[in-house]
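Peer 1: Below is one structure. I have some questions about it.
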Amino acid sequence: MLKAPLLAAVIAVTALSAVPVASQELCNEAHMKQMDEMIAKMTDEAKKKEATMHLDMSKAEMKKGDMAACMKHMNEAHQAMGL
Ligand SMILES: [Cu+2]
């Protein structure tokens, strides 16, 4: 009787914490480096410029500690990259 609600609570906590964790996984130096490498390989100059601009803004927000804004610009960079 006790196990089901406990499991449900654990799942709920995991689901709630999944969003910020996922954001931080992308807003870090390792992923920024990966992004730089991926953008460097882009052949469409216009899209490359756009992706670089968004990535620069994403990096600036990361330095400020604003992970929500960092992810917003990161997603825009991903879109420019066709991801
Ligand atoms: Cu990225």
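Identifiers in this document derive from the order of the structure tokens: chains are assigned A, B, ..., residues are numbered from 1 separately in each chain, and ligands are numbered from 1 in order of occurrence.
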Just want the 8 Å neighbourhood of range 56-73 of chain A, counted on only C-alpha atoms, with same-chain residues fewer than 3 positions away dropped. Output as a list in words.

Peer 2: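 Here the qualifying residues turn out to be Ser23, Gln24, Leu26, Cys27, Asn28, Met32, Thr52, Met53, Glu76 and Ala77 of chain A.
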
Peer 1: Could you dump the residues just selected with N, CA and C atoms as a short mmCIF file (atom, residue, chain, number, x, y, z; two decimals), in the first residue's frame?

Peer 2:
data_model
loop_
_atom_site.label_atom_id
_atom_site.label_comp_id
_atom_site.auth_asym_id
_atom_site.auth_seq_id
_atom_site.Cartn_x
_atom_site.Cartn_y
_atom_site.Cartn_z
N SER A 23 18.85 21.83 -18.80
CA SER A 23 19.31 23.13 -19.25
C SER A 23 20.79 23.32 -18.92
N GLN A 24 21.16 22.92 -17.71
CA GLN A 24 22.55 23.08 -17.30
C GLN A 24 23.48 22.16 -18.06
N LEU A 26 23.37 21.68 -21.15
CA LEU A 26 23.73 22.34 -22.40
C LEU A 26 24.42 23.68 -22.18
N CYS A 27 24.08 24.35 -21.08
CA CYS A 27 24.72 25.64 -20.80
C CYS A 27 25.96 25.41 -19.94
N ASN A 28 26.97 24.84 -20.55
CA ASN A 28 28.25 24.64 -19.86
C ASN A 28 29.38 24.74 -20.89
N MET A 32 29.48 24.30 -25.02
CA MET A 32 29.81 25.49 -25.81
C MET A 32 30.95 25.16 -26.78
N THR A 52 26.39 31.61 -34.87
CA THR A 52 27.48 32.20 -34.09
C THR A 52 26.95 33.33 -33.20
N MET A 53 26.08 34.16 -33.79
CA MET A 53 25.51 35.29 -33.05
C MET A 53 24.70 34.78 -31.84
N GLU A 76 17.94 28.89 -30.24
CA GLU A 76 17.95 29.67 -31.48
C GLU A 76 19.19 29.30 -32.32
N ALA A 77 20.29 29.09 -31.63
CA ALA A 77 21.52 28.66 -32.32
C ALA A 77 21.30 27.29 -32.95
#

Peer 1: Give me, as a PyMOL selection string, the set of residues whose atoms come within 6 Å of any atom of ligand 1, counting only C-alpha atoms and all ligand atoms.

Peer 2: chain A and resi 26+35+74+78

Peer 1: In Å to one decimal, how far is CA of Glu25 in chain A from CA of Thr43 in chain A?

Peer 2: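 A separation of 26.6 Å between them.
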
Peer 1: In Å, how far is it from CA of Ala80 in chain A to CA of Met38 in chain A?

Peer 2: 11.6 Å

Peer 1: Can you measure CA of Glu45 in chain A to CA of Ala30 in chain A for me? One decimal in Å is fine.

Peer 2: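 Here the two named atoms are 24.1 Å from each other.
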